[in-house]
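Dropping model_21.pdb in here (PDB, C-alpha atoms):
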MODEL        1
ATOM      1  CA  MET A   1     -10.359   8.458  17.706  1.00  0.00           C
ATOM      2  CA  LYS A   2      -7.252   6.351  18.289  1.00  0.00           C
ATOM      3  CA  GLU A   3      -9.363   3.408  19.446  1.00  0.00           C
ATOM      4  CA  ILE A   4     -11.621   3.715  16.387  1.00  0.00           C
ATOM      5  CA  PHE A   5      -8.601   3.647  14.057  1.00  0.00           C
ATOM      6  CA  LYS A   6      -7.287   0.567  15.878  1.00  0.00           C
ATOM      7  CA  GLN A   7     -10.619  -1.260  15.470  1.00  0.00           C
ATOM      8  CA  ILE A   8     -10.740  -0.464  11.743  1.00  0.00           C
ATOM      9  CA  ARG A   9      -7.094  -1.469  11.192  1.00  0.00           C
ATOM     10  CA  THR A  10      -7.670  -4.795  12.935  1.00  0.00           C
ATOM     11  CA  VAL A  11     -10.541  -5.664  10.589  1.00  0.00           C
ATOM     12  CA  LEU A  12      -8.584  -4.456   7.543  1.00  0.00           C
ATOM     13  CA  GLU A  13      -5.554  -6.545   8.539  1.00  0.00           C
ATOM     14  CA  THR A  14      -7.820  -9.603   8.752  1.00  0.00           C
ATOM     15  CA  LYS A  15      -9.142  -8.933   5.241  1.00  0.00           C
ATOM     16  CA  PHE A  16      -5.618  -8.358   3.918  1.00  0.00           C
ATOM     17  CA  ALA A  17      -4.546 -11.672   5.469  1.00  0.00           C
ATOM     18  CA  GLU A  18      -7.489 -13.535   3.912  1.00  0.00           C
ATOM     19  CA  THR A  19      -6.773 -11.985   0.519  1.00  0.00           C
ATOM     20  CA  ILE A  20      -3.033 -12.693   0.729  1.00  0.00           C
ATOM     21  CA  LYS A  21      -3.779 -16.328   1.601  1.00  0.00           C
ATOM     22  CA  GLU A  22      -6.031 -16.668  -1.465  1.00  0.00           C
ATOM     23  CA  ILE A  23      -3.390 -15.079  -3.690  1.00  0.00           C
ATOM     24  CA  GLY A  24      -0.806 -17.471  -2.244  1.00  0.00           C
ATOM     25  CA  ASN A  25      -3.017 -20.428  -3.141  1.00  0.00           C
ATOM     26  CA  ASN A  26      -2.913 -19.429  -6.823  1.00  0.00           C
ATOM     27  CA  PRO A  27       0.558 -20.356  -8.164  1.00  0.00           C
ATOM     28  CA  LEU A  28      -0.172 -18.724 -11.533  1.00  0.00           C
ATOM     29  CA  LEU A  29      -0.767 -15.286 -10.016  1.00  0.00           C
ATOM     30  CA  THR A  30       2.198 -12.925  -9.544  1.00  0.00           C
ATOM     31  CA  LEU A  31       1.685  -9.369  -8.338  1.00  0.00           C
ATOM     32  CA  SER A  32       3.820  -6.271  -8.567  1.00  0.00           C
ATOM     33  CA  GLU A  33       0.860  -4.106  -7.556  1.00  0.00           C
ATOM     34  CA  LEU A  34      -1.887  -4.859  -5.091  1.00  0.00           C
ATOM     35  CA  HIS A  35      -4.881  -2.622  -5.796  1.00  0.00           C
ATOM     36  CA  VAL A  36      -7.423  -1.896  -3.086  1.00  0.00           C
ATOM     37  CA  GLN A  37     -10.572  -0.061  -4.058  1.00  0.00           C
ATOM     38  CA  VAL A  38     -12.784   1.619  -1.487  1.00  0.00           C
ATOM     39  CA  ASN A  39     -16.227   2.066  -3.001  1.00  0.00           C
ATOM     40  CA  ALA A  40     -18.210   4.303  -0.636  1.00  0.00           C
ATOM     41  CA  PRO A  41     -21.547   4.323  -2.548  1.00  0.00           C
ATOM     42  CA  GLN A  42     -21.657   0.518  -2.768  1.00  0.00           C
ATOM     43  CA  LYS A  43     -19.913   0.051   0.597  1.00  0.00           C
ATOM     44  CA  MET A  44     -17.456  -2.434  -0.882  1.00  0.00           C
ATOM     45  CA  LEU A  45     -13.759  -3.105  -0.401  1.00  0.00           C
ATOM     46  CA  SER A  46     -12.122  -4.824  -3.378  1.00  0.00           C
ATOM     47  CA  PHE A  47      -8.652  -6.302  -3.799  1.00  0.00           C
ATOM     48  CA  TYR A  48      -7.249  -6.999  -7.252  1.00  0.00           C
ATOM     49  CA  ASP A  49      -4.034  -7.173  -9.248  1.00  0.00           C
ATOM     50  CA  GLU A  50      -2.883  -4.683 -11.880  1.00  0.00           C
ATOM     51  CA  ASN A  51      -4.652  -6.670 -14.620  1.00  0.00           C
ATOM     52  CA  GLN A  52      -7.812  -7.171 -12.562  1.00  0.00           C
ATOM     53  CA  LEU A  53      -7.449 -10.935 -12.974  1.00  0.00           C
ATOM     54  CA  PHE A  54      -7.910 -11.536  -9.255  1.00  0.00           C
ATOM     55  CA  VAL A  55     -10.739  -9.847  -7.434  1.00  0.00           C
ATOM     56  CA  LYS A  56     -11.751 -10.349  -3.818  1.00  0.00           C
ATOM     57  CA  ARG A  57     -14.625  -8.234  -2.507  1.00  0.00           C
ATOM     58  CA  TYR A  58     -15.878  -7.539   0.989  1.00  0.00           C
ATOM     59  CA  ASN A  59     -19.167  -5.921   1.935  1.00  0.00           C
ATOM     60  CA  LEU A  60     -18.212  -3.147   4.365  1.00  0.00           C
ATOM     61  CA  ASP A  61     -21.718  -3.035   5.895  1.00  0.00           C
ATOM     62  CA  LYS A  62     -21.074  -6.506   7.279  1.00  0.00           C
ATOM     63  CA  LEU A  63     -17.671  -5.524   8.688  1.00  0.00           C
ATOM     64  CA  PHE A  64     -18.290  -2.124  10.290  1.00  0.00           C
ATOM     65  CA  ASP A  65     -21.028  -0.207  12.042  1.00  0.00           C
ATOM     66  CA  LYS A  66     -22.088   3.188  10.691  1.00  0.00           C
ATOM     67  CA  GLU A  67     -19.591   5.211  12.777  1.00  0.00           C
ATOM     68  CA  LEU A  68     -16.602   3.028  11.867  1.00  0.00           C
ATOM     69  CA  LEU A  69     -17.627   2.959   8.223  1.00  0.00           C
ATOM     70  CA  SER A  70     -17.777   6.753   8.083  1.00  0.00           C
ATOM     71  CA  CYS A  71     -14.322   6.979   9.647  1.00  0.00           C
ATOM     72  CA  LEU A  72     -12.949   4.408   7.189  1.00  0.00           C
ATOM     73  CA  PHE A  73     -14.206   6.389   4.210  1.00  0.00           C
ATOM     74  CA  GLN A  74     -12.673   9.604   5.567  1.00  0.00           C
ATOM     75  CA  HIS A  75      -9.264   8.041   6.289  1.00  0.00           C
ATOM     76  CA  ALA A  76      -9.116   5.089   3.866  1.00  0.00           C
ATOM     77  CA  PRO A  77      -5.651   5.649   2.341  1.00  0.00           C
ATOM     78  CA  ARG A  78      -3.982   6.030   5.722  1.00  0.00           C
ATOM     79  CA  LEU A  79      -5.790   3.115   7.371  1.00  0.00           C
ATOM     80  CA  LEU A  80      -5.211   0.759   4.440  1.00  0.00           C
ATOM     81  CA  ARG A  81      -1.520   1.680   4.283  1.00  0.00           C
ATOM     82  CA  GLU A  82      -1.124   1.075   8.020  1.00  0.00           C
ATOM     83  CA  ALA A  83      -2.941  -2.275   7.800  1.00  0.00           C
ATOM     84  CA  ALA A  84      -0.753  -3.336   4.846  1.00  0.00           C
ATOM     85  CA  VAL A  85       2.428  -2.290   6.656  1.00  0.00           C
ATOM     86  CA  ASN A  86       1.332  -4.301   9.707  1.00  0.00           C
ATOM     87  CA  CYS A  87       0.828  -7.325   7.433  1.00  0.00           C
ATOM     88  CA  ARG A  88       4.274  -6.739   5.935  1.00  0.00           C
ATOM     89  CA  THR A  89       5.736  -6.624   9.455  1.00  0.00           C
ATOM     90  CA  LYS A  90       4.052  -9.979  10.141  1.00  0.00           C
ATOM     91  CA  LYS A  91       5.775 -11.208   6.923  1.00  0.00           C
ATOM     92  CA  LEU A  92       2.492 -12.160   5.256  1.00  0.00           C
ATOM     93  CA  PHE A  93       3.691 -10.849   1.882  1.00  0.00           C
ATOM     94  CA  GLU A  94       6.690 -13.203   1.819  1.00  0.00           C
ATOM     95  CA  LEU A  95       5.153 -15.472  -0.779  1.00  0.00           C
ATOM     96  CA  SER A  96       6.450 -16.229  -4.256  1.00  0.00           C
ATOM     97  CA  ASN A  97       3.314 -14.565  -5.655  1.00  0.00           C
ATOM     98  CA  PHE A  98       4.509 -11.110  -4.565  1.00  0.00           C
ATOM     99  CA  LEU A  99       7.403  -9.520  -6.408  1.00  0.00           C
ATOM    100  CA  GLN A 100      10.056  -7.810  -4.311  1.00  0.00           C
ATOM    101  CA  SER A 101       8.960  -4.434  -5.658  1.00  0.00           C
ATOM    102  CA  LEU A 102       5.322  -4.606  -4.569  1.00  0.00           C
ATOM    103  CA  SER A 103       3.219  -1.454  -4.572  1.00  0.00           C
ATOM    104  CA  LEU A 104      -0.018  -0.867  -2.722  1.00  0.00           C
ATOM    105  CA  VAL A 105      -2.432   1.201  -4.807  1.00  0.00           C
ATOM    106  CA  VAL A 106      -5.537   2.534  -3.064  1.00  0.00           C
ATOM    107  CA  GLU A 107      -8.322   3.797  -5.315  1.00  0.00           C
ATOM    108  CA  ASN A 108     -11.797   5.212  -4.887  1.00  0.00           C
ATOM    109  CA  GLU A 109     -14.938   4.043  -6.718  1.00  0.00           C
ATOM    110  CA  THR A 110     -14.034   6.075  -9.844  1.00  0.00           C
ATOM    111  CA  ASN A 111     -10.560   4.426  -9.966  1.00  0.00           C
ATOM    112  CA  ARG A 112      -8.881   7.660  -8.906  1.00  0.00           C
ATOM    113  CA  ILE A 113      -5.630   6.788  -7.138  1.00  0.00           C
ATOM    114  CA  LEU A 114      -5.669   7.973  -3.535  1.00  0.00           C
ATOM    115  CA  LEU A 115      -2.367   6.360  -2.554  1.00  0.00           C
ATOM    116  CA  ASN A 116       0.498   4.647  -4.348  1.00  0.00           C
ATOM    117  CA  PHE A 117       2.846   3.214  -1.725  1.00  0.00           C
ATOM    118  CA  VAL A 118       5.913   0.985  -2.205  1.00  0.00           C
ATOM    119  CA  LEU A 119       5.189  -1.855   0.180  1.00  0.00           C
ATOM    120  CA  LEU A 120       8.119  -4.163  -0.580  1.00  0.00           C
ATOM    121  CA  HIS A 121      11.497  -3.268  -1.988  1.00  0.00           C
ATOM    122  CA  ASN A 122      14.591  -5.073  -0.714  1.00  0.00           C
ATOM    123  CA  ASP A 123      17.176  -2.758  -2.285  1.00  0.00           C
ATOM    124  CA  LYS A 124      15.573   0.485  -1.139  1.00  0.00           C
ATOM    125  CA  GLY A 125      17.990   1.269   1.706  1.00  0.00           C
ATOM    126  CA  GLN A 126      21.108   0.482  -0.300  1.00  0.00           C
ATOM    127  CA  THR A 127      19.865   2.374  -3.326  1.00  0.00           C
ATOM    128  CA  GLU A 128      18.998   5.479  -1.342  1.00  0.00           C
ATOM    129  CA  GLU A 129      22.326   5.439   0.498  1.00  0.00           C
ATOM    130  CA  LYS A 130      24.341   5.054  -2.714  1.00  0.00           C
ATOM    131  CA  LEU A 131      22.263   7.709  -4.452  1.00  0.00           C
ATOM    132  CA  MET A 132      22.870  10.208  -1.665  1.00  0.00           C
ATOM    133  CA  LYS A 133      26.597   9.432  -1.620  1.00  0.00           C
ATOM    134  CA  ASP A 134      26.920   9.904  -5.392  1.00  0.00           C
ATOM    135  CA  LEU A 135      24.681  12.953  -5.321  1.00  0.00           C
ATOM    136  CA  ASP A 136      26.834  14.620  -2.659  1.00  0.00           C
ATOM    137  CA  ARG A 137      30.006  14.040  -4.689  1.00  0.00           C
ATOM    138  CA  GLU A 138      28.385  15.311  -7.890  1.00  0.00           C
ATOM    139  CA  LEU A 139      27.077  18.439  -6.150  1.00  0.00           C
ATOM    140  CA  ASN A 140      30.535  19.188  -4.725  1.00  0.00           C
ATOM    141  CA  THR A 141      32.105  18.854  -8.173  1.00  0.00           C
ATOM    142  CA  PHE A 142      29.400  21.068  -9.675  1.00  0.00           C
ATOM    143  CA  MET A 143      29.889  23.755  -7.001  1.00  0.00           C
ATOM    144  CA  LYS A 144      33.686  23.770  -7.492  1.00  0.00           C
ATOM    145  CA  THR A 145      33.242  24.156 -11.252  1.00  0.00           C
ATOM    146  CA  LEU A 146      30.663  26.907 -10.801  1.00  0.00           C
ATOM    147  CA  LEU A 147      32.755  28.840  -8.312  1.00  0.00           C
ATOM    148  CA  ALA A 148      35.897  28.472 -10.458  1.00  0.00           C
ATOM    149  CA  GLY A 149      33.999  30.060 -13.330  1.00  0.00           C
ATOM    150  CA  LEU A 150      33.129  33.095 -11.200  1.00  0.00           C
ATOM    151  CA  GLU A 151      36.739  33.923 -10.308  1.00  0.00           C
TER     152      GLU A 151
ENDMDL
END

Take the structure in the file and write it out as structure tokens.
Amino acid sequence: MKEIFKQIRTVLETKFAETIKEIGNNPLLTLSELHVQVNAPQKMLSFYDENQLFVKRYNLDKLFDKELLSCLFQHAPRLLREAAVNCRTKKLFELSNFLQSLSLVVENETNRILLNFVLLHNDKGQTEEKLMKDLDRELNTFMKTLLAGLE
């Protein structure tokens, strides 16, 4: 199964790269969300922005054999997230078209969200660290006040 996932991810990364390149060629397009729709009945993979102004479609029958296609449909959110993260690691999203708080939204053919994943966010580590530090201090103060009230 590991080899099958690798084959699917490789193809998905290629399609992400093609789509990212097209988005980069459009200076008027800025994305804070990259939507990816997996349409099993039509066997289509579509990329679009939150306003559906940009749409890039791929026929999955031409990309995968029957076994790989079945696996993709069963594990689409995971495989698409992994392919997107691999593209992020390759720094493909470092274009002015992508805002620094970019989300990957994976949907099915009825537009039901299967995955909403923060793909880019520069301040994430600092924000989480500060939040935890402040939260710890606030919890300590709360506990002292609570315990003082019990005495």

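Counting from atom CA of His35 of chain A, the distance to atom CA of Gln52 of chain A is 8.7 Å.
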
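The nearest approach to Arg9 of chain A among the residues A:Ser103, A:Thr145, A:Ser96, A:Asn86, with only C-alpha atoms taken into account, belongs to A:Asn86.
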
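Rounded to one decimal, atom CA of Phe93 of chain A and atom CA of Ser46 of chain A lie 17.7 Å from each other.
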
(Q) Just to confirm, what's the straight-line distance from atom CA of Gly24 of chain A to atom CA of Asp61 of chain A in Å (one decimal)? (A) 26.7 Å

Q: Name all residues at most 10 Å from Ile20 of chain A (count only C-alpha atoms; drop same-chain ones fewer than 4 positions away) and give them as a ChimeraX atom specification.
A: /A:14-16,24-25,34,47,87,92-95,97-98

Q | Within 10 Å of Glu22 of chain A using only C-alpha atoms, minus same-chain residues under 4 positions, as a ChimeraX atom specification | A | /A:16-18,26,54,56

Can you tell me which residues surround Leu63 of chain A at a distance of at most 10 Å, considering only C-alpha atoms, apart from same-chain residues fewer than 5 positions away, and format the answer as a JSON list (two decimals) with C-alpha atoms, keeping the file's coordinate frame?
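As written to disk, part.json reads:
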[["chain", "number", "residue", "atom", "x", "y", "z"],
["A", 8, "ILE", "CA", -10.74, -0.46, 11.74],
["A", 11, "VAL", "CA", -10.54, -5.66, 10.59],
["A", 12, "LEU", "CA", -8.58, -4.46, 7.54],
["A", 15, "LYS", "CA", -9.14, -8.93, 5.24],
["A", 58, "TYR", "CA", -15.88, -7.54, 0.99],
["A", 68, "LEU", "CA", -16.60, 3.03, 11.87],
["A", 69, "LEU", "CA", -17.63, 2.96, 8.22]]

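When all atoms listed in the file are used to measure the gap to Asn116 of chain A, the shortest distance among A:Ser70, A:Ala83, A:Val36, A:Thr19 belongs to A:Val36.
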
Q.
Assuming the chain letters and numbering stay as they are in my file, what does the PyMOL selection byres ((chain A and resi 106) around 7) actually select? List them as a PyMOL selection string.
A. chain A and resi 35-37+77+104-105+107+113-116

Q: Starting from the shown file, work through the PyMOL selection byres ((chain A and resi 101) around 7) and note down what comes out as a ChimeraX atom specification.
A: /A:32,99-100,102-103,120-121

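With all atoms listed in the file taken into account, the protein and nucleic acid residues at most 12 Å from Gln42 of chain A (excluding it and anything under 6 positions from it in its own chain) are Arg57, Tyr58, Asn59, Leu60, Asp61, Leu69, Phe73, Asn108, Glu109 and Thr110 of chain A.
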
Q: Identify which of the residues A:Ile23, A:Lys62, A:Ala40, A:Leu147 lies closest to His75 of chain A, counting only C-alpha atoms when measuring atom-to-atom distances.
A: A:Ala40

**Q.** Distance query 7 Å from (-0.3, -12.1, -10.0) using only C-alpha atoms, result as number ranges by chain
**A.** A: 28-31, 49, 97

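Distance annotation: of A:Arg112, A:Asn39, A:Arg88, A:Glu33, the residue with the minimal separation from Asn51 of chain A is A:Glu33; atom set is all atoms listed in the file.
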
(Q) Neighbouring residues of Cys71 of chain A were defined as those with any atom within 12 Å, considering only C-alpha atoms; residues of the same chain fewer than 6 positions away were excluded. Please report them as number ranges by chain. (A) A: 1-9, 40, 64-65, 77-79

Hey, could you pull the box centre and edge lengths for segment 99-112 of chain A, axis-aligned, 3 Å padding per side, all listed atoms, to one decimal in Å, as lines of an AutoDock Vina configuration file?
center_x = -2.4
center_y = -0.9
center_z = -6.3
size_x = 31.0
size_y = 23.2
size_z = 13.2
